[in-house]
>>> print(open('run.cif').read())   # mmCIF, C-alpha atoms
data_entry
loop_
_atom_site.label_atom_id
_atom_site.label_comp_id
_atom_site.auth_asym_id
_atom_site.auth_seq_id
_atom_site.Cartn_x
_atom_site.Cartn_y
_atom_site.Cartn_z
CA MET A 2 5.61 29.63 -98.13
CA ALA A 3 6.30 25.92 -97.95
CA LYS A 4 3.98 23.80 -95.86
CA ARG A 5 5.45 22.07 -92.76
CA LYS A 6 5.39 18.34 -92.94
CA LYS A 7 3.39 16.61 -90.22
CA HIS A 8 5.40 14.46 -87.79
CA HIS A 9 4.11 10.95 -87.62
CA GLU A 10 4.65 8.75 -84.51
CA GLU A 11 6.57 5.58 -85.10
CA HIS A 12 4.91 2.36 -84.07
CA PRO A 13 1.80 3.91 -82.45
CA ASP A 14 0.47 0.45 -81.50
CA GLU A 15 3.40 -0.38 -79.06
CA ARG A 16 2.49 2.05 -76.24
CA TRP A 17 0.96 -0.82 -74.23
CA LEU A 18 4.48 -2.12 -73.58
CA ILE A 19 5.12 0.70 -71.09
CA THR A 20 2.07 -0.21 -69.00
CA TYR A 21 2.94 -3.88 -69.18
CA ALA A 22 6.48 -3.21 -67.98
CA ASP A 23 5.15 -1.19 -65.02
CA VAL A 24 2.82 -4.03 -64.03
CA LEU A 25 5.67 -6.55 -64.18
CA THR A 26 7.84 -4.29 -62.01
CA LEU A 27 5.08 -3.91 -59.37
CA MET A 28 4.47 -7.66 -59.31
CA PHE A 29 8.18 -8.31 -58.83
CA VAL A 30 8.29 -5.89 -55.90
CA LEU A 31 5.18 -7.53 -54.37
CA PHE A 32 6.68 -11.02 -54.58
CA MET A 33 9.94 -9.80 -53.02
CA VAL A 34 8.04 -8.27 -50.08
CA LEU A 35 6.03 -11.46 -49.56
CA PHE A 36 9.19 -13.54 -49.71
CA SER A 37 10.93 -11.29 -47.16
CA ILE A 38 8.00 -11.57 -44.75
CA SER A 39 7.96 -15.37 -45.01
CA VAL A 40 11.66 -15.73 -44.06
CA VAL A 41 12.29 -15.43 -40.27
CA ASN A 42 15.73 -14.47 -39.06
CA THR A 43 16.02 -16.76 -36.06
CA GLY A 44 19.03 -14.90 -34.71
CA LYS A 45 17.21 -11.58 -34.65
CA PHE A 46 14.13 -13.27 -33.19
CA GLU A 47 16.15 -14.73 -30.28
CA GLN A 48 17.70 -11.33 -29.57
CA LEU A 49 14.25 -9.73 -29.51
CA LYS A 50 12.90 -12.43 -27.19
CA GLU A 51 15.83 -12.02 -24.78
CA SER A 52 15.45 -8.23 -24.72
CA LEU A 53 11.73 -8.45 -23.97
CA ALA A 54 12.34 -11.01 -21.21
CA LYS A 55 14.87 -8.72 -19.52
CA GLY A 56 12.64 -5.70 -19.88
CA PHE A 57 9.58 -7.26 -18.26
CA SER A 58 11.24 -9.42 -15.59
CA PRO A 59 12.09 -8.25 -12.02
CA GLY A 60 15.66 -7.34 -11.25
CA ILE A 61 18.05 -5.10 -13.17
CA LEU A 62 19.34 -4.86 -16.71
CA ASP A 63 22.93 -5.58 -17.65
CA GLY A 64 25.28 -2.80 -16.62
CA GLY A 65 22.94 -1.22 -14.06
CA GLU A 66 22.87 -1.16 -10.28
CA SER A 67 19.97 -2.32 -8.16
CA VAL A 68 18.02 0.35 -6.29
CA MET A 69 16.42 -2.24 -4.05
CA GLU A 70 18.20 -4.75 -1.84
CA GLN A 71 17.21 -8.23 -2.82
CA GLY A 72 16.54 -10.91 -0.28
CA PRO A 73 18.34 -14.26 -0.03
CA ASN A 74 15.59 -16.02 -1.95
CA ASP A 75 15.64 -13.82 -5.05
CA GLU A 76 16.53 -16.75 -7.27
CA ALA A 77 13.83 -19.03 -5.87
CA SER A 78 11.33 -20.34 -8.35
CA PRO A 79 7.67 -19.38 -7.82
CA VAL A 80 6.76 -23.01 -8.55
CA SER A 81 6.26 -25.04 -5.40
CA ASN A 82 7.88 -28.44 -4.98
CA ALA A 83 5.02 -29.65 -2.79
CA PRO A 84 3.20 -32.86 -3.71
CA VAL A 85 0.32 -32.71 -6.16
CA GLY A 86 -2.82 -31.44 -4.41
CA LEU A 87 -0.86 -29.31 -1.90
CA VAL A 88 0.40 -26.66 -4.29
CA ASP A 89 -0.97 -23.15 -3.73
CA VAL A 90 -1.80 -21.19 -6.86
CA GLN A 91 0.49 -18.16 -7.08
CA ILE A 92 0.53 -15.32 -9.57
CA PRO A 93 3.79 -13.40 -10.11
CA GLY A 94 3.44 -9.78 -9.03
CA PRO A 95 5.58 -6.63 -9.24
CA LEU A 96 9.04 -6.51 -7.67
CA GLY A 97 9.18 -10.30 -7.46
CA THR A 98 6.18 -10.62 -5.07
CA THR A 99 3.32 -13.03 -5.59
CA LEU A 100 -0.43 -12.81 -5.34
CA ALA A 101 -1.52 -15.99 -3.55
CA ALA A 102 -4.82 -17.77 -3.97
CA ASP A 103 -5.59 -17.22 -0.26
CA GLY A 104 -6.21 -13.52 -0.92
CA THR A 105 -2.80 -12.18 0.11
CA SER A 106 -2.35 -8.73 -1.40
CA THR A 107 0.75 -7.40 -3.11
CA GLU A 108 1.47 -5.19 -0.08
CA GLN A 109 1.24 -8.15 2.30
CA ALA A 110 3.50 -10.26 0.11
CA LEU A 111 6.05 -7.46 -0.11
CA GLU A 112 5.98 -6.97 3.67
CA THR A 113 6.52 -10.70 4.19
CA ALA A 114 9.56 -10.55 1.92
CA GLN A 115 10.95 -7.61 3.94
CA LEU A 116 10.41 -9.44 7.23
CA GLU A 117 12.09 -12.58 5.89
CA ASP A 118 15.04 -10.49 4.74
CA ALA A 119 15.30 -9.00 8.26
CA GLN A 120 15.05 -12.51 9.71
CA SER A 121 18.03 -13.67 7.66
CA THR A 122 20.03 -10.58 8.69
CA VAL A 123 19.32 -11.18 12.40
CA GLU A 124 20.29 -14.85 12.18
CA ALA A 125 23.55 -14.02 10.42
CA ALA A 126 24.39 -11.27 12.95
CA VAL A 127 23.86 -13.40 16.07
CA LYS A 128 25.78 -16.30 14.54
CA LYS A 129 28.66 -13.93 13.89
CA GLU A 130 28.65 -13.14 17.62
CA GLY A 131 28.65 -16.87 18.40
CA LEU A 132 25.18 -16.64 19.98
CA GLY A 133 23.08 -18.52 17.44
CA ASP A 134 21.93 -21.03 20.10
CA GLN A 135 20.37 -18.20 22.14
CA VAL A 136 17.95 -17.06 19.43
CA THR A 137 15.28 -18.59 17.19
CA THR A 138 13.35 -16.62 14.58
CA THR A 139 10.12 -17.17 12.66
CA VAL A 140 7.87 -15.16 10.35
CA ASP A 141 4.18 -15.87 10.93
CA GLU A 142 0.80 -14.16 10.68
CA ARG A 143 1.76 -11.69 13.42
CA GLY A 144 5.10 -10.69 11.92
CA LEU A 145 8.77 -11.42 12.64
CA VAL A 146 9.20 -13.19 15.98
CA ILE A 147 12.70 -13.09 17.52
CA ARG A 148 12.68 -15.47 20.48
CA LEU A 149 15.41 -15.05 23.12
CA LYS A 150 16.31 -17.55 25.82
CA THR A 151 16.24 -15.71 29.14
CA GLU A 152 18.32 -17.94 31.40
CA PRO A 153 21.15 -17.96 32.12
CA PHE A 154 22.55 -15.73 29.32
CA LEU A 155 20.20 -12.74 29.73
CA PHE A 156 18.88 -13.13 33.30
CA GLN A 157 19.57 -15.09 36.42
CA PRO A 158 16.65 -17.25 37.69
CA GLY A 159 13.94 -15.12 39.34
CA SER A 160 15.66 -11.87 38.27
CA ALA A 161 14.86 -9.10 35.77
CA ALA A 162 18.35 -7.56 35.86
CA LEU A 163 19.99 -7.93 32.44
CA SER A 164 23.44 -9.45 32.26
CA PRO A 165 26.14 -7.07 30.92
CA ARG A 166 26.87 -9.52 28.11
CA ALA A 167 23.27 -9.15 26.87
CA THR A 168 24.38 -6.21 24.72
CA ARG A 169 26.25 -8.63 22.43
CA LEU A 170 22.89 -10.15 21.59
CA LEU A 171 20.61 -7.11 21.61
CA ALA A 172 22.84 -4.69 19.68
CA PRO A 173 22.84 -6.53 16.30
CA ILE A 174 19.15 -7.42 16.65
CA THR A 175 18.18 -3.80 17.31
CA ALA A 176 20.32 -2.56 14.41
CA THR A 177 18.24 -4.67 12.02
CA VAL A 178 14.82 -4.03 13.59
CA ALA A 179 15.39 -0.25 13.73
CA LYS A 180 15.68 -0.11 9.91
CA LEU A 181 12.05 -1.26 9.55
CA GLN A 182 9.04 1.01 10.00
CA ASN A 183 6.96 -1.64 11.77
CA PRO A 184 5.88 -1.35 15.42
CA VAL A 185 7.86 -3.48 17.86
CA GLN A 186 6.38 -5.30 20.85
CA VAL A 187 8.59 -7.00 23.44
CA GLU A 188 6.82 -9.81 25.31
CA GLY A 189 7.86 -11.52 28.54
CA HIS A 190 6.98 -15.19 29.11
CA THR A 191 7.71 -17.47 32.06
CA ASP A 192 7.19 -21.09 32.99
CA SER A 193 4.39 -22.21 35.32
CA THR A 194 6.54 -22.40 38.48
CA PRO A 195 4.99 -19.86 40.89
CA ILE A 196 7.07 -16.93 42.12
CA SER A 197 6.18 -14.68 45.04
CA THR A 198 8.72 -12.08 46.12
CA ALA A 199 8.55 -8.47 47.22
CA GLN A 200 9.65 -7.37 43.74
CA PHE A 201 7.66 -9.94 41.74
CA PRO A 202 4.38 -11.02 43.36
CA SER A 203 3.69 -13.35 40.39
CA ASN A 204 5.08 -14.57 37.08
CA LEU A 205 3.21 -11.75 35.33
CA GLU A 206 5.37 -9.11 37.04
CA LEU A 207 8.54 -11.11 36.38
CA GLY A 208 7.72 -11.32 32.66
CA ALA A 209 6.97 -7.58 32.56
CA GLY A 210 10.25 -6.70 34.27
CA ARG A 211 12.25 -8.78 31.80
CA SER A 212 10.51 -7.55 28.65
CA CYS A 213 10.81 -3.90 29.68
CA ALA A 214 14.48 -4.37 30.61
CA VAL A 215 15.16 -5.68 27.09
CA LEU A 216 13.22 -2.80 25.52
CA ARG A 217 15.16 -0.17 27.50
CA VAL A 218 18.41 -1.53 26.10
CA MET A 219 16.99 -1.47 22.58
CA TRP A 220 16.12 2.20 23.05
CA THR A 221 19.78 2.92 23.75
CA TYR A 222 20.58 1.44 20.34
CA LYS A 223 18.35 4.00 18.55
CA LEU A 224 15.10 2.03 18.32
CA PRO A 225 12.43 4.80 18.31
CA PRO A 226 10.39 4.52 21.56
CA SER A 227 7.29 5.93 19.82
CA ARG A 228 6.65 2.66 17.99
CA THR A 229 7.51 0.24 20.79
CA LYS A 230 5.90 -1.28 23.86
CA CYS A 231 6.64 -4.03 26.36
CA THR A 232 4.13 -6.43 27.86
CA SER A 233 3.96 -9.67 29.83
CA TYR A 234 1.93 -12.85 29.45
CA GLY A 235 3.52 -14.70 32.36
CA ALA A 236 2.87 -18.44 32.02
CA LEU A 237 -0.27 -18.04 29.87
CA TYR A 238 1.24 -19.05 26.52
CA PRO A 239 3.76 -21.91 26.85
CA ILE A 240 5.53 -23.28 23.79
CA ALA A 241 6.50 -26.53 25.50
CA SER A 242 5.29 -28.73 28.32
CA ASN A 243 5.91 -27.41 31.84
CA ASP A 244 6.15 -31.00 33.12
CA THR A 245 9.87 -31.26 32.28
CA ALA A 246 12.89 -29.09 33.05
CA ALA A 247 13.69 -28.79 29.32
CA GLY A 248 10.14 -27.67 28.57
CA ARG A 249 10.16 -25.09 31.36
CA ALA A 250 13.47 -23.71 30.07
CA LYS A 251 11.91 -23.15 26.63
CA ASN A 252 8.93 -21.37 28.15
CA ARG A 253 11.15 -18.88 29.98
CA ARG A 254 11.73 -16.49 27.11
CA VAL A 255 11.50 -12.92 25.81
CA GLU A 256 10.04 -12.44 22.34
CA ILE A 257 10.77 -9.39 20.21
CA LEU A 258 7.83 -9.15 17.83
CA VAL A 259 8.06 -6.96 14.73
CA LEU A 260 4.35 -6.51 14.02
CA ARG A 261 2.94 -6.49 10.52
CA LEU A 262 1.57 -3.23 9.19
CA GLN A 263 -0.62 -5.22 6.77
CA GLY A 264 -2.99 -7.31 8.87
CA THR A 265 -1.45 -7.07 12.34
CA SER A 266 -2.47 -9.74 14.84
CA GLU A 267 -2.04 -9.37 18.61
CA THR A 268 -2.38 -13.09 19.44
CA PRO A 269 0.76 -14.41 21.18
CA GLY A 270 2.40 -17.69 20.23
CA ALA A 271 0.75 -20.76 21.74
CA LEU A 272 1.90 -24.27 22.54
CA GLY A 273 3.89 -25.78 19.71
CA GLY A 274 4.94 -22.39 18.33
#
>>> encode(input="run.cif", output="structure tokens")
Amino acid sequence: MAKRKKHHEEHPDERWLITYADVLTLMFVLFMVLFSISVVNTGKFEQLKESLAKGFSPGILDGGESVMEQGPNDEASPVSNAPVGLVDVQIPGPLGTTLAADGTSTEQALETAQLEDAQSTVEAAVKKEGLGDQVTTTVDERGLVIRLKTEPFLFQPGSAALSPRATRLLAPITATVAKLQNPVQVEGHTDSTPISTAQFPSNLELGAGRSCAVLRVMWTYKLPPSRTKCTSYGALYPIASNDTAAGRAKNRRVEILVLRLQGTSETPGALGG
């Protein structure tokens, strides 16, 4: 039987070429990865930045609908234009509110925004009725103050009987106030001229009659009585001097106060308010 010839490998010393080729391939891949990382696609980066800005900013994304009514100052910048040294530090909070350096909480800031939105709605409604000169509004530490001139549009001098045309003024105001959950206090104020009649022994009774008359009308426009009250301060808290006829006319007023739920204050407006 013939012996089988042994098979001899050709070029046995060239096997290192395979390992060398693998190392070169891995190094090429490594350099390509490093090169790709070093090159920034500015277009893609700008798109990413814009998407993140929309995602973390208040408001709504493109194509959606807002679930919260925004106030008239939604576009206002949180940066104050006050002179240097008078700028309050403010930190942006959720839903566009701010956390002020004076300790105002997020809830208080949100409530202030709601009251300011209601203030703008009331002003627009009374102007639409042509009665803008009969009303002034402010938002202060107590809440939203809606100040009504009493004479001669609402009441005749020395009387607490509401004029029939008063509904033109009270109806749009009540429609706005009734949408809030805040308690409502109606305050009667008079000038310092003494009154002494069988119906009104003093200015305190006259102020009470006027404030309660206004509140009764507001009840008819669906303002819940359970969160309302009327009171009188008479001539105790003037907002102008009683030495002039113009000043006395300003002091004769009814104030509809939408009280804050966050930090309610019962102090009425004083001189200069």
>>> closest_residue(input="run.cif", among="A:Thr221, A:Thr191, A:Asn183, A:Gln109", to="A:Tyr238", atoms="all atoms listed in the file")
A:Thr191
>>> resolve_selection(input="run.cif", expression="the PyMOL selection byres ((chain A and resi 224) around 12)", output="PyMOL selection string")
chain A and resi 171-186+215-223+225-230+259
>>> residues_around(input="run.cif", residues="stretch 133-140 of chain A", least_positions_apart="3", cutoff="12 Å", atoms="only C-alpha atoms", output="PyMOL selection string")
chain A and resi 112-130+143-155+167+169-171+174+250-251+254-261+270+274
>>> write_last_selection(input="run.cif", atoms="C-alpha atoms", output="CSV table (one decimal), in the frame of the given file")
chain,number,residue,atom,x,y,z
A,112,GLU,CA,6.0,-7.0,3.7
A,113,THR,CA,6.5,-10.7,4.2
A,114,ALA,CA,9.6,-10.6,1.9
A,115,GLN,CA,11.0,-7.6,3.9
A,116,LEU,CA,10.4,-9.4,7.2
A,117,GLU,CA,12.1,-12.6,5.9
A,118,ASP,CA,15.0,-10.5,4.7
A,119,ALA,CA,15.3,-9.0,8.3
A,120,GLN,CA,15.0,-12.5,9.7
A,121,SER,CA,18.0,-13.7,7.7
A,122,THR,CA,20.0,-10.6,8.7
A,123,VAL,CA,19.3,-11.2,12.4
A,124,GLU,CA,20.3,-14.8,12.2
A,125,ALA,CA,23.6,-14.0,10.4
A,126,ALA,CA,24.4,-11.3,13.0
A,127,VAL,CA,23.9,-13.4,16.1
A,128,LYS,CA,25.8,-16.3,14.5
A,129,LYS,CA,28.7,-13.9,13.9
A,130,GLU,CA,28.6,-13.1,17.6
A,143,ARG,CA,1.8,-11.7,13.4
A,144,GLY,CA,5.1,-10.7,11.9
A,145,LEU,CA,8.8,-11.4,12.6
A,146,VAL,CA,9.2,-13.2,16.0
A,147,ILE,CA,12.7,-13.1,17.5
A,148,ARG,CA,12.7,-15.5,20.5
A,149,LEU,CA,15.4,-15.0,23.1
A,150,LYS,CA,16.3,-17.6,25.8
A,151,THR,CA,16.2,-15.7,29.1
A,152,GLU,CA,18.3,-17.9,31.4
A,153,PRO,CA,21.2,-18.0,32.1
A,154,PHE,CA,22.6,-15.7,29.3
A,155,LEU,CA,20.2,-12.7,29.7
A,167,ALA,CA,23.3,-9.2,26.9
A,169,ARG,CA,26.2,-8.6,22.4
A,170,LEU,CA,22.9,-10.2,21.6
A,171,LEU,CA,20.6,-7.1,21.6
A,174,ILE,CA,19.2,-7.4,16.6
A,250,ALA,CA,13.5,-23.7,30.1
A,251,LYS,CA,11.9,-23.2,26.6
A,254,ARG,CA,11.7,-16.5,27.1
A,255,VAL,CA,11.5,-12.9,25.8
A,256,GLU,CA,10.0,-12.4,22.3
A,257,ILE,CA,10.8,-9.4,20.2
A,258,LEU,CA,7.8,-9.2,17.8
A,259,VAL,CA,8.1,-7.0,14.7
A,260,LEU,CA,4.4,-6.5,14.0
A,261,ARG,CA,2.9,-6.5,10.5
A,270,GLY,CA,2.4,-17.7,20.2
A,274,GLY,CA,4.9,-22.4,18.3
>>> closest_residue(input="run.cif", among="A:Leu111, A:Cys231, A:Asn204, A:Gly159", to="A:Asp192", atoms="all atoms listed in the file")
A:Asn204
>>> atom_distance(input="run.cif", atom1="atom CA of A:Ile240", atom2="atom CA of A:Ala209")
18.0 Å
>>> atom_distance(input="run.cif", atom1="atom CA of A:His190", atom2="atom CA of A:Gly235")
4.8 Å
